[in-house]
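start.tsv, holding TSV, C-alpha atoms:
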chain	number	residue	atom	x	y	z
N	214	MET	CA	-20.30	3.26	-48.84
N	215	ASN	CA	-18.06	0.25	-48.31
N	216	LYS	CA	-16.98	-1.14	-44.95
N	217	GLU	CA	-13.80	0.92	-44.69
N	218	GLU	CA	-15.57	4.14	-45.62
N	219	LYS	CA	-18.23	3.43	-43.02
N	220	LEU	CA	-15.57	2.84	-40.41
N	221	ASP	CA	-13.79	6.10	-41.26
N	222	THR	CA	-17.05	8.03	-41.25
N	223	PHE	CA	-18.09	6.60	-37.91
N	224	LEU	CA	-14.76	7.26	-36.21
N	225	ALA	CA	-14.28	10.78	-37.59
N	226	PRO	CA	-14.22	13.35	-34.75
N	227	ASP	CA	-16.77	15.53	-36.58
N	228	ALA	CA	-18.90	12.60	-37.76
N	229	ASP	CA	-22.27	13.47	-39.26
N	230	MET	CA	-24.95	12.29	-36.80
N	231	GLY	CA	-27.31	11.11	-39.54
N	232	LYS	CA	-24.66	8.97	-41.19
N	233	MET	CA	-23.53	7.63	-37.82
N	234	GLU	CA	-27.09	6.58	-37.01
N	235	ASP	CA	-27.35	4.62	-40.28
N	236	ILE	CA	-24.00	2.94	-39.76
N	237	LEU	CA	-24.80	2.03	-36.17
N	238	LYS	CA	-28.13	0.56	-37.21
N	239	THR	CA	-26.36	-1.70	-39.69
N	240	TRP	CA	-23.65	-2.76	-37.26
N	241	VAL	CA	-25.87	-3.26	-34.22
N	242	THR	CA	-28.28	-5.25	-36.38
N	243	GLY	CA	-25.36	-7.32	-37.67
N	244	VAL	CA	-24.08	-8.35	-34.23
N	245	ASN	CA	-27.55	-8.97	-32.81
N	246	ASP	CA	-28.66	-10.98	-35.85
N	247	GLU	CA	-25.61	-13.15	-35.41
N	248	LYS	CA	-26.45	-13.66	-31.74
N	249	LEU	CA	-30.05	-14.56	-32.57
N	250	ARG	CA	-28.88	-16.95	-35.29
N	251	VAL	CA	-26.70	-18.80	-32.75
N	252	GLU	CA	-29.41	-18.86	-30.06
N	253	MET	CA	-32.01	-20.11	-32.52
N	254	ALA	CA	-29.67	-22.81	-33.85
N	255	GLU	CA	-29.02	-23.99	-30.29
N	256	ALA	CA	-32.73	-24.08	-29.46
N	257	LEU	CA	-33.55	-25.91	-32.70
N	258	ALA	CA	-30.93	-28.54	-32.03
N	259	LYS	CA	-31.78	-28.94	-28.37
N	260	GLU	CA	-35.55	-28.79	-28.45
N	261	ARG	CA	-36.48	-30.03	-31.92
N	262	GLY	CA	-33.46	-32.03	-32.99
N	263	ILE	CA	-33.00	-29.88	-36.11
N	264	THR	CA	-29.47	-29.11	-37.23
N	265	LYS	CA	-27.97	-27.56	-40.31
N	266	SER	CA	-26.26	-30.79	-41.20
N	267	PRO	CA	-28.51	-33.51	-42.64
N	268	ILE	CA	-27.72	-35.91	-39.79
N	269	LYS	CA	-30.94	-37.39	-38.49
N	270	THR	CA	-31.35	-36.99	-34.82
N	271	THR	CA	-34.09	-37.99	-32.44
N	272	TYR	CA	-36.69	-35.35	-31.81
N	273	LYS	CA	-36.93	-34.24	-28.27
N	274	LEU	CA	-40.06	-32.33	-27.46
N	275	ARG	CA	-40.15	-30.14	-24.47
N	276	LEU	CA	-42.86	-28.25	-22.78
N	277	ILE	CA	-43.02	-24.61	-23.66
N	278	ARG	CA	-41.71	-22.50	-20.82
N	279	PRO	CA	-44.16	-20.44	-18.79
N	280	LEU	CA	-44.93	-17.00	-20.12
N	281	LEU	CA	-42.91	-14.07	-19.00
N	282	VAL	CA	-43.29	-13.05	-15.39
N	283	ALA	CA	-43.31	-9.47	-16.52
N	284	ALA	CA	-46.48	-10.03	-18.54
N	285	ALA	CA	-48.19	-11.40	-15.45
N	286	SER	CA	-47.08	-8.39	-13.46
N	287	ILE	CA	-48.57	-6.07	-16.04
N	288	VAL	CA	-51.88	-7.93	-15.91
N	289	LEU	CA	-51.84	-7.65	-12.13
N	290	LEU	CA	-51.14	-3.94	-12.29
N	291	ILE	CA	-53.92	-3.37	-14.80
N	292	GLY	CA	-56.26	-5.46	-12.65
N	293	PHE	CA	-55.36	-3.40	-9.61
N	294	PHE	CA	-56.05	-0.21	-11.53
N	295	TYR	CA	-59.53	-1.35	-12.49
N	296	LEU	CA	-60.34	-2.73	-9.07
N	297	TYR	CA	-59.41	0.52	-7.41
N	298	PRO	CA	-60.40	3.20	-9.91
N	299	SER	CA	-58.93	6.60	-9.37
N	300	ASP	CA	-61.16	8.60	-7.08
N	301	VAL	CA	-58.58	11.06	-5.93
N	302	SER	CA	-58.17	14.73	-6.64
N	303	PRO	CA	-55.90	15.93	-9.47
N	304	SER	CA	-53.57	17.62	-7.00
N	305	HIS	CA	-53.25	14.39	-5.02
N	306	LEU	CA	-52.39	12.54	-8.19
N	307	ALA	CA	-49.95	15.26	-9.28
N	308	THR	CA	-48.26	15.18	-5.88
N	309	GLN	CA	-47.86	11.43	-6.20
N	310	TYR	CA	-46.33	11.80	-9.63
N	311	VAL	CA	-43.89	14.47	-8.49
N	312	GLU	CA	-42.92	12.52	-5.38
N	313	THR	CA	-42.44	9.18	-7.08
N	314	GLN	CA	-40.71	10.48	-10.20
N	315	THR	CA	-37.01	9.72	-9.97
N	316	LEU	CA	-35.18	12.72	-11.32
N	317	GLN	CA	-31.60	12.43	-12.41
N	318	HIS	CA	-29.53	15.07	-14.13
N	319	PRO	CA	-27.60	13.19	-16.82
N	320	GLY	CA	-24.68	15.63	-16.73
N	321	SER	CA	-23.86	18.38	-19.20
N	322	PHE	CA	-25.03	17.89	-22.73
N	323	LYS	CA	-22.91	17.71	-25.86
N	324	GLY	CA	-21.30	21.05	-26.64
N	325	VAL	CA	-20.94	22.24	-23.05
N	326	SER	CA	-17.22	22.70	-22.68
N	327	ILE	CA	-16.91	25.34	-19.99
N	328	VAL	CA	-16.73	23.72	-16.59
N	329	ASN	CA	-18.74	25.76	-14.15
N	330	GLN	CA	-18.32	25.09	-10.46
N	331	ASN	CA	-21.91	26.02	-9.66
N	332	ARG	CA	-23.24	23.81	-12.44
N	333	THR	CA	-21.19	20.86	-11.22
N	334	GLN	CA	-22.33	21.34	-7.64
N	335	GLY	CA	-25.89	21.94	-8.75
N	336	ILE	CA	-25.90	18.67	-10.71
N	337	MET	CA	-24.41	16.81	-7.75
N	338	ALA	CA	-26.98	18.22	-5.33
N	339	PHE	CA	-29.78	17.50	-7.79
N	340	ASN	CA	-28.72	13.89	-8.21
N	341	ASN	CA	-28.44	13.51	-4.43
N	342	GLY	CA	-32.02	14.66	-4.07
N	343	ASP	CA	-30.97	17.87	-2.34
N	344	PHE	CA	-33.11	20.11	-4.53
N	345	LYS	CA	-32.88	23.18	-2.27
N	346	GLN	CA	-29.11	23.14	-2.57
N	347	ALA	CA	-29.39	22.48	-6.30
N	348	ILE	CA	-31.53	25.63	-6.67
N	349	ILE	CA	-28.89	27.71	-4.87
N	350	HIS	CA	-26.14	26.48	-7.21
N	351	PHE	CA	-28.14	26.63	-10.42
N	352	GLU	CA	-29.22	30.20	-9.63
N	353	GLU	CA	-25.57	31.15	-9.14
N	354	ILE	CA	-24.65	30.18	-12.70
N	355	SER	CA	-23.84	33.47	-14.41
N	356	ALA	CA	-24.89	32.46	-17.93
N	357	PRO	CA	-27.34	29.58	-17.54
N	358	ASN	CA	-28.01	27.45	-20.59
N	359	ASP	CA	-31.32	25.80	-21.55
N	360	GLU	CA	-30.42	22.72	-19.60
N	361	ASP	CA	-29.69	24.69	-16.40
N	362	THR	CA	-33.04	26.46	-16.71
N	363	TYR	CA	-34.92	23.20	-17.18
N	364	TYR	CA	-33.33	21.44	-14.20
N	365	LEU	CA	-33.73	24.55	-12.05
N	366	GLY	CA	-37.44	24.42	-12.90
N	367	LEU	CA	-37.59	20.78	-11.86
N	368	ALA	CA	-35.79	21.52	-8.60
N	369	HIS	CA	-38.32	24.27	-7.79
N	370	LEU	CA	-41.14	21.82	-8.54
N	371	LYS	CA	-39.61	19.21	-6.24
N	372	VAL	CA	-39.45	21.60	-3.29
N	373	GLY	CA	-42.97	22.92	-3.87
N	374	GLN	CA	-42.06	26.35	-5.27
N	375	TYR	CA	-44.61	26.05	-8.04
N	376	LYS	CA	-44.62	29.65	-9.25
N	377	ASP	CA	-40.84	29.63	-9.70
N	378	ALA	CA	-41.05	26.20	-11.31
N	379	ALA	CA	-43.62	27.47	-13.79
N	380	VAL	CA	-41.46	30.46	-14.74
N	381	LYS	CA	-38.37	28.34	-15.37
N	382	LEU	CA	-40.16	25.53	-17.16
N	383	GLU	CA	-42.05	28.01	-19.37
N	384	GLN	CA	-38.72	29.68	-20.12
N	385	SER	CA	-37.29	26.28	-21.02
N	386	ALA	CA	-40.28	25.51	-23.25
N	387	ASN	CA	-39.81	28.80	-25.11
N	388	ASN	CA	-36.06	28.46	-25.54
N	389	THR	CA	-35.62	24.88	-26.64
N	390	SER	CA	-37.53	21.90	-27.94
N	391	ARG	CA	-34.98	19.53	-26.42
N	392	PHE	CA	-37.10	18.82	-23.36
N	393	HIS	CA	-40.52	19.43	-24.88
N	394	GLU	CA	-42.03	16.07	-23.84
N	395	GLU	CA	-40.80	16.45	-20.28
N	396	VAL	CA	-41.74	20.12	-20.05
N	397	ASN	CA	-45.33	19.44	-21.15
N	398	TRP	CA	-45.67	16.88	-18.39
N	399	PHE	CA	-43.91	18.76	-15.60
N	400	LEU	CA	-45.58	22.08	-16.41
N	401	ALA	CA	-48.94	20.36	-16.29
N	402	LEU	CA	-48.10	18.95	-12.84
N	403	THR	CA	-46.82	22.37	-11.73
N	404	TYR	CA	-50.04	24.10	-12.77
N	405	ILE	CA	-52.22	21.48	-11.11
N	406	LEU	CA	-50.32	21.95	-7.88
N	407	ASP	CA	-50.52	25.74	-8.27
N	408	GLY	CA	-54.28	25.53	-8.73
N	409	ARG	CA	-54.24	26.59	-12.39
N	410	SER	CA	-56.33	23.80	-13.88
N	411	ALA	CA	-56.94	25.46	-17.25
N	412	ASP	CA	-53.20	25.89	-17.85
N	413	ALA	CA	-52.61	22.34	-16.71
N	414	LEU	CA	-55.19	21.04	-19.17
N	415	SER	CA	-53.61	23.04	-21.94
N	416	TYR	CA	-50.24	21.33	-21.37
N	417	LEU	CA	-51.74	17.90	-20.81
N	418	SER	CA	-53.51	18.14	-24.14
N	419	LYS	CA	-50.15	18.72	-25.83
N	420	ILE	CA	-49.03	15.24	-24.74
N	421	LYS	CA	-49.84	13.16	-27.78
N	422	LYS	CA	-50.16	9.40	-28.09
N	423	GLY	CA	-46.72	7.88	-28.05
N	424	ASP	CA	-45.26	10.78	-26.07
N	425	TRP	CA	-43.69	10.31	-22.70
N	426	ARG	CA	-46.35	10.06	-19.91
N	427	PHE	CA	-49.28	9.91	-22.36
N	428	ASP	CA	-51.31	7.44	-20.30
N	429	GLU	CA	-50.78	9.37	-17.09
N	430	ALA	CA	-51.70	12.61	-18.85
N	431	GLN	CA	-54.95	11.07	-20.02
N	432	GLU	CA	-55.75	9.96	-16.50
N	433	LEU	CA	-55.04	13.42	-15.13
N	434	MET	CA	-57.15	15.08	-17.81
N	435	LEU	CA	-60.01	12.78	-16.94
N	436	THR	CA	-59.70	13.65	-13.27
N	437	LEU	CA	-59.44	17.37	-13.99
N	438	ASN	CA	-62.44	17.34	-16.30
N	439	LYS	CA	-64.49	15.54	-13.65
N	440	ILE	CA	-64.10	18.34	-11.15
N	441	ASN	CA	-64.40	21.22	-13.64
W	160	MET	CA	-59.01	-20.23	-34.27
W	161	GLN	CA	-58.55	-20.13	-38.03
W	162	MET	CA	-56.65	-16.85	-37.78
W	163	GLU	CA	-54.42	-18.30	-35.09
W	164	SER	CA	-53.43	-21.21	-37.27
W	165	LYS	CA	-52.48	-18.73	-40.01
W	166	ASN	CA	-50.33	-16.81	-37.55
W	167	PHE	CA	-48.13	-19.41	-35.88
W	168	GLY	CA	-50.84	-20.20	-33.33
W	169	LEU	CA	-50.77	-16.66	-32.01
W	170	THR	CA	-53.76	-14.57	-31.08
W	171	GLU	CA	-53.59	-10.95	-32.19
W	172	ALA	CA	-52.85	-9.92	-28.60
W	173	SER	CA	-50.01	-12.40	-28.20
W	174	PHE	CA	-48.65	-11.32	-31.57
W	175	GLY	CA	-48.59	-7.74	-30.28
W	176	ARG	CA	-46.81	-8.88	-27.16
W	177	MET	CA	-44.22	-10.74	-29.18
W	178	VAL	CA	-43.48	-7.62	-31.24
W	179	LEU	CA	-43.17	-5.52	-28.09
W	180	ASN	CA	-40.74	-8.06	-26.64
W	181	LEU	CA	-38.71	-7.99	-29.83
W	182	LYS	CA	-38.53	-4.23	-29.74
W	183	ALA	CA	-37.07	-4.49	-26.26
W	184	ASN	CA	-34.61	-7.05	-27.68
W	185	ASP	CA	-36.19	-9.92	-25.77
W	186	THR	CA	-36.28	-12.73	-28.33
W	187	ARG	CA	-37.35	-15.62	-26.06
W	188	PHE	CA	-41.01	-15.69	-27.02
W	189	PHE	CA	-40.15	-15.16	-30.69
W	190	ARG	CA	-37.76	-18.13	-30.62
W	191	GLN	CA	-40.39	-20.36	-29.03
W	192	VAL	CA	-43.00	-19.35	-31.61
W	193	PHE	CA	-40.67	-20.04	-34.52
W	194	LEU	CA	-39.30	-23.37	-33.31
W	195	LYS	CA	-42.22	-25.31	-34.73
W	196	GLN	CA	-42.60	-23.09	-37.76
W	197	PHE	CA	-38.94	-23.50	-38.60
W	198	GLU	CA	-39.18	-27.26	-38.90
W	199	GLU	CA	-42.30	-27.10	-41.07
W	200	THR	CA	-40.69	-24.55	-43.39
W	201	VAL	CA	-37.43	-26.45	-43.79
W	202	VAL	CA	-39.45	-29.50	-44.84
W	203	TYR	CA	-41.44	-27.37	-47.30
W	204	VAL	CA	-38.38	-25.79	-48.96
W	205	LYS	CA	-36.72	-29.20	-49.26
W	206	ARG	CA	-39.82	-30.73	-50.80
W	207	GLU	CA	-40.76	-27.93	-53.19
W	208	TYR	CA	-37.27	-27.05	-54.43
W	209	GLN	CA	-35.43	-30.32	-53.88
W	210	ALA	CA	-33.15	-28.31	-51.61
W	211	ASN	CA	-30.69	-30.03	-49.33
W	212	GLN	CA	-30.98	-29.71	-45.56
W	213	GLU	CA	-28.21	-27.13	-45.26
W	214	ASP	CA	-29.63	-24.76	-47.89
W	215	ALA	CA	-33.19	-25.10	-46.63
W	216	TYR	CA	-31.99	-24.46	-43.07
W	217	ASP	CA	-30.01	-21.33	-44.06
W	218	ALA	CA	-32.89	-19.94	-46.11
W	219	THR	CA	-35.34	-20.43	-43.25
W	220	MET	CA	-32.94	-18.82	-40.80
W	221	ASP	CA	-32.46	-15.83	-43.13
W	222	ALA	CA	-36.23	-15.49	-43.43
W	223	LEU	CA	-36.55	-15.64	-39.66
W	224	LEU	CA	-34.09	-12.76	-39.21
W	225	GLU	CA	-35.85	-10.74	-41.88
W	226	PHE	CA	-39.18	-11.44	-40.22
W	227	ARG	CA	-37.89	-10.12	-36.91
W	228	ASN	CA	-36.66	-7.01	-38.65
W	229	ARG	CA	-40.01	-6.41	-40.35
W	230	PHE	CA	-41.89	-7.04	-37.11
W	231	VAL	CA	-40.01	-4.35	-35.21
W	232	GLU	CA	-40.28	-1.91	-38.08
W	233	GLY	CA	-44.04	-2.45	-38.18
W	234	LYS	CA	-43.91	-3.74	-41.77
W	235	LEU	CA	-45.64	-7.03	-40.98
W	236	THR	CA	-49.02	-7.19	-39.37
W	237	TYR	CA	-51.24	-9.95	-38.06
W	238	GLY	CA	-52.89	-11.68	-41.01
W	239	ASN	CA	-51.41	-14.68	-42.74
W	240	LEU	CA	-47.91	-14.74	-41.35
W	241	ARG	CA	-47.47	-18.47	-41.82
W	242	TYR	CA	-47.93	-18.16	-45.59
W	243	LEU	CA	-45.65	-15.12	-45.74
W	244	PHE	CA	-42.93	-16.90	-43.81
W	245	THR	CA	-42.99	-19.90	-46.13
W	246	LYS	CA	-42.97	-17.57	-49.15
W	247	MET	CA	-40.08	-15.57	-47.80
W	248	SER	CA	-38.07	-18.69	-46.98
W	249	THR	CA	-38.39	-19.91	-50.56
W	250	GLN	CA	-37.37	-16.47	-51.83
W	251	MET	CA	-34.36	-16.54	-49.53
W	252	TYR	CA	-33.48	-19.98	-50.82
W	253	LEU	CA	-33.60	-18.80	-54.46
W	254	ARG	CA	-31.65	-15.65	-53.57
W	255	ASN	CA	-28.93	-17.65	-51.78
W	256	ILE	CA	-28.61	-20.06	-54.68
W	257	LYS	CA	-28.39	-17.17	-57.16
W	258	LYS	CA	-25.83	-15.38	-55.00
W	259	ARG	CA	-23.72	-18.50	-54.77
W	260	HIS	CA	-23.76	-18.93	-58.54
W	261	ASN	CA	-22.80	-15.30	-59.05
W	262	GLN	CA	-19.95	-15.73	-56.62
W	263	LEU	CA	-18.74	-18.78	-58.51
W	264	ASP	CA	-18.88	-16.77	-61.75
W	265	ASP	CA	-16.95	-13.97	-60.08
W	266	LEU	CA	-14.33	-16.38	-58.83
W	267	GLU	CA	-13.65	-17.43	-62.36
W	268	LYS	CA	-13.33	-13.83	-63.52
W	269	ILE	CA	-11.38	-12.30	-60.64
W	270	PRO	CA	-8.19	-14.07	-59.58
W	271	GLN	CA	-8.28	-12.88	-55.97
W	272	LEU	CA	-11.37	-11.70	-54.21
W	273	PRO	CA	-11.04	-9.18	-51.36
W	274	LYS	CA	-11.54	-10.75	-47.96
W	275	GLU	CA	-14.65	-8.66	-47.28
W	276	SER	CA	-16.85	-7.65	-50.12
W	277	THR	CA	-20.25	-6.99	-48.60
W	278	ALA	CA	-20.98	-3.36	-47.85
W	279	ASP	CA	-23.10	-4.20	-44.82
W	280	SER	CA	-20.61	-6.42	-43.04
W	281	VAL	CA	-19.65	-5.47	-39.52
W	282	PRO	CA	-16.00	-4.48	-38.96
W	283	GLU	CA	-14.00	-6.54	-36.50
W	284	SER	CA	-13.16	-3.44	-34.45
W	285	PHE	CA	-16.87	-2.89	-33.87
W	286	LYS	CA	-17.49	-6.52	-33.00
W	287	SER	CA	-14.75	-6.56	-30.38
W	288	ALA	CA	-15.75	-3.12	-29.01
W	289	TRP	CA	-19.32	-4.40	-28.72
W	290	GLN	CA	-18.11	-7.31	-26.59
W	291	THR	CA	-16.35	-4.91	-24.23
W	292	LEU	CA	-19.19	-2.40	-24.02
W	293	GLY	CA	-21.21	-2.41	-20.80
W	294	ILE	CA	-24.44	-4.37	-20.68
W	295	LYS	CA	-26.60	-1.27	-20.17
W	296	CYS	CA	-25.17	0.41	-23.25
W	297	LYS	CA	-25.63	-2.74	-25.31
W	298	GLU	CA	-29.21	-2.99	-24.14
W	299	LEU	CA	-29.99	0.63	-24.91
W	300	LEU	CA	-28.33	0.64	-28.35
W	301	SER	CA	-29.93	-2.69	-29.24
W	302	GLN	CA	-33.38	-1.52	-28.23
W	303	HIS	CA	-32.98	1.63	-30.28
W	304	TYR	CA	-31.15	0.38	-33.37
W	305	TYR	CA	-32.10	-3.30	-33.47
W	306	GLY	CA	-35.57	-3.06	-31.96
W	307	SER	CA	-36.37	0.25	-33.69
W	308	MET	CA	-37.61	1.47	-30.33
W	309	ARG	CA	-37.99	5.23	-29.96
W	310	LEU	CA	-35.94	6.86	-27.21
W	311	THR	CA	-39.19	8.09	-25.68
W	312	ASP	CA	-40.47	4.53	-25.40
W	313	ILE	CA	-37.19	3.37	-23.89
W	314	ALA	CA	-37.55	6.19	-21.37
W	315	ILE	CA	-41.05	5.04	-20.48
W	316	GLU	CA	-39.90	1.46	-20.07
W	317	SER	CA	-36.90	2.38	-17.95
W	318	SER	CA	-38.85	4.92	-15.86
W	319	SER	CA	-36.56	7.74	-16.86
W	320	SER	CA	-36.91	10.78	-19.03
W	321	PRO	CA	-36.22	11.03	-22.77
W	322	ALA	CA	-33.44	13.56	-22.09
W	323	THR	CA	-31.67	11.09	-19.82
W	324	VAL	CA	-31.96	8.31	-22.38
W	325	ARG	CA	-30.70	10.62	-25.15
W	326	LYS	CA	-27.73	11.50	-23.01
W	327	GLN	CA	-27.06	7.84	-22.18
W	328	LYS	CA	-27.15	7.02	-25.89
W	329	GLU	CA	-24.65	9.78	-26.65
W	330	ARG	CA	-22.37	8.47	-23.93
W	331	CYS	CA	-22.63	4.88	-25.16
W	332	ILE	CA	-21.72	5.88	-28.71
W	333	LYS	CA	-18.81	7.94	-27.41
W	334	LYS	CA	-17.61	4.98	-25.35
W	335	LEU	CA	-17.98	2.65	-28.32
W	336	LYS	CA	-15.90	4.95	-30.49
W	337	GLU	CA	-13.24	5.24	-27.80
W	338	ILE	CA	-12.92	1.45	-27.51
W	339	MET	CA	-12.79	1.09	-31.28
W	340	LEU	CA	-10.09	3.76	-31.60
W	341	GLU	CA	-8.02	2.00	-28.92
W	342	THR	CA	-8.13	-1.31	-30.77
W	343	ILE	CA	-7.45	0.01	-34.29

What is this file in structure tokens?
Amino acid sequence: MNKEEKLDTFLAPDADMGKMEDILKTWVTGVNDEKLRVEMAEALAKERGITKSPIKTTYKLRLIRPLLVAAASIVLLIGFFYLYPSDVSPSHLATQYVETQTLQHPGSFKGVSIVNQNRTQGIMAFNNGDFKQAIIHFEEISAPNDEDTYYLGLAHLKVGQYKDAAVKLEQSANNTSRFHEEVNWFLALTYILDGRSADALSYLSKIKKGDWRFDEAQELMLTLNKIN
Amino acid sequence: MQMESKNFGLTEASFGRMVLNLKANDTRFFRQVFLKQFEETVVYVKREYQANQEDAYDATMDALLEFRNRFVEGKLTYGNLRYLFTKMSTQMYLRNIKKRHNQLDDLEKIPQLPKESTADSVPESFKSAWQTLGIKCKELLSQHYYGSMRLTDIAIESSSSPATVRKQKERCIKKLKEIMLETI
């Protein structure tokens, strides 16, 4: 595919997602490579006196900058974790996770064209942290889609209605794989908080390495296994 | 210590950190690591192939970009990176020389070459749309497409959920297309 064909394919209203992904990878790589090329050339000239042209310049050595502050923060966090090993109950941990998890509804997904007043208000309430109000609106939606069910489940979890949360999140897990990583995690938390450790373990074990919340799931499993 | 000298002075752990940074499109550490290596390689290409400064510089820069790409795609592991980098730079040098000769041959055969002939070149409309695109979108798309970072990993890093990141990505692409369509 030449440049023009790629452009036409990318801009087509019914563009094939797979092709678009390949094109975007090429283009995004192109612009970022160019940026890196410029940055590297600047650093080479400034810090090592190396330029593309054969002009000899004086070498100017500089001290390497300190390592990233972020790396230090991570070390501190890890250190803190080991200094104060988790000695809390699974439900305490699960409560912490639910309370500290920032939940945002990203708006309707691709393909949702019918504007529903209850959905709009539900999303607004959800994003304002008013989960009780969000439940009222989401439950009013006459033909809820998979997304409505999933966020309704999360809203129930946030207000402590664990049985309702479990029903909705299970429903979401059965209907779509779109939220499978999130559902595994949130259902596990729901079951811990509802006192159903075996079910919680079953969902935690579905969270594989590389999945969202893998490390936290491992920690919870460890805590659950300790008390069982 | 011997392994470190074969790997740009990096320990295996710091190599891992550099790759993680690259995936997140943070090239600062990578640039620092390659500053010294760059100089050494340019000298090597010039000496071994009697290359001029400009060609040796371009070849080393091309190798550097290819190295970054292979790092994020997990195709290069800790081992003897210094040797590989030198090898790749010489290959890039030979490739560039060959390409230039082919182009000269083509110029003799074809009276007028099209302005753009490489299939992978980035269209101007994309370049200008990219400049206009918001910083968060650029960061997300770069992490995913340039850093080969999975959306799940971006979600973990940004303390959000994969669904949110997926949605953000969809929105960014939509926005990008809109800007491009306006400028065409």

Checklist entry - Counting only C-alpha atoms, which residues of chain N come no farther than 8 Å from chain W, as JSON, numbers by chain? => result {"N": [214, 215, 216, 220, 223, 224, 237, 238, 239, 240, 241, 242, 243, 244, 245, 246, 249, 250, 253, 256, 257, 261, 263, 264, 265, 266, 267, 277, 315, 316, 317, 318, 319, 322, 391, 392, 394, 395, 423, 424, 425, 426]}

Item to check | CA of Leu414 in chain N to CA of Ala386 in chain N, straight-line distance in Å | outcome: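 Between CA of Ala386 in chain N and CA of Leu414 in chain N the gap works out to 16.1 Å.
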
Checklist entry - Any idea what the distance is between CA of Asn340 in chain N and CA of Lys371 in chain N? => result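 That distance, rounded to one decimal, is 12.3 Å.
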
Next on the checklist: Here is a test: counting only C-alpha atoms, which residue of W:Ala218, W:Ala183, W:Ala172, W:Leu299 is nearest to Asn255 in chain W?
Outcome noted: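 Smallest separation from Asn255 in chain W among the options: W:Ala218.
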
Item to check | For range 236-251 of chain W: contacts at 10 Å, all atoms listed in the file, fewer than 2 positions along chain excluded, given as a PyMOL selection string | outcome: chain W and resi 162-172+174-175+178+196-197+199-201+203-205+207-208+210+214-223+225-226+229-230+233-234+253-257

Next on the checklist: Please compute the CA of Met230 in chain N-CA of Lys334 in chain W distance, one decimal, in Å.
Outcome noted: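 Those two atoms sit 15.4 Å apart.
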
Item to check | Non-local contacts of Ser304 in chain N (8 Å; all atoms listed in the file; under 3 positions in same chain excluded) as a ChimeraX atom specification | outcome: /N:307-308,405-406

Item to check | Which residue of N:His393, N:Arg409, N:His350, N:Lys439 approaches Asn329 in chain N most closely, using all atoms listed in the file | outcome: N:His350

Next on the checklist: as a list in words, please: the residues near Glu352 in chain N (cut-off 9 Å, only C-alpha atoms, same-chain neighbours under 5 positions excluded).
Outcome noted: Asn331, Gly335, Ala347, Pro357, Asp361, Thr362 and Leu365 of chain N
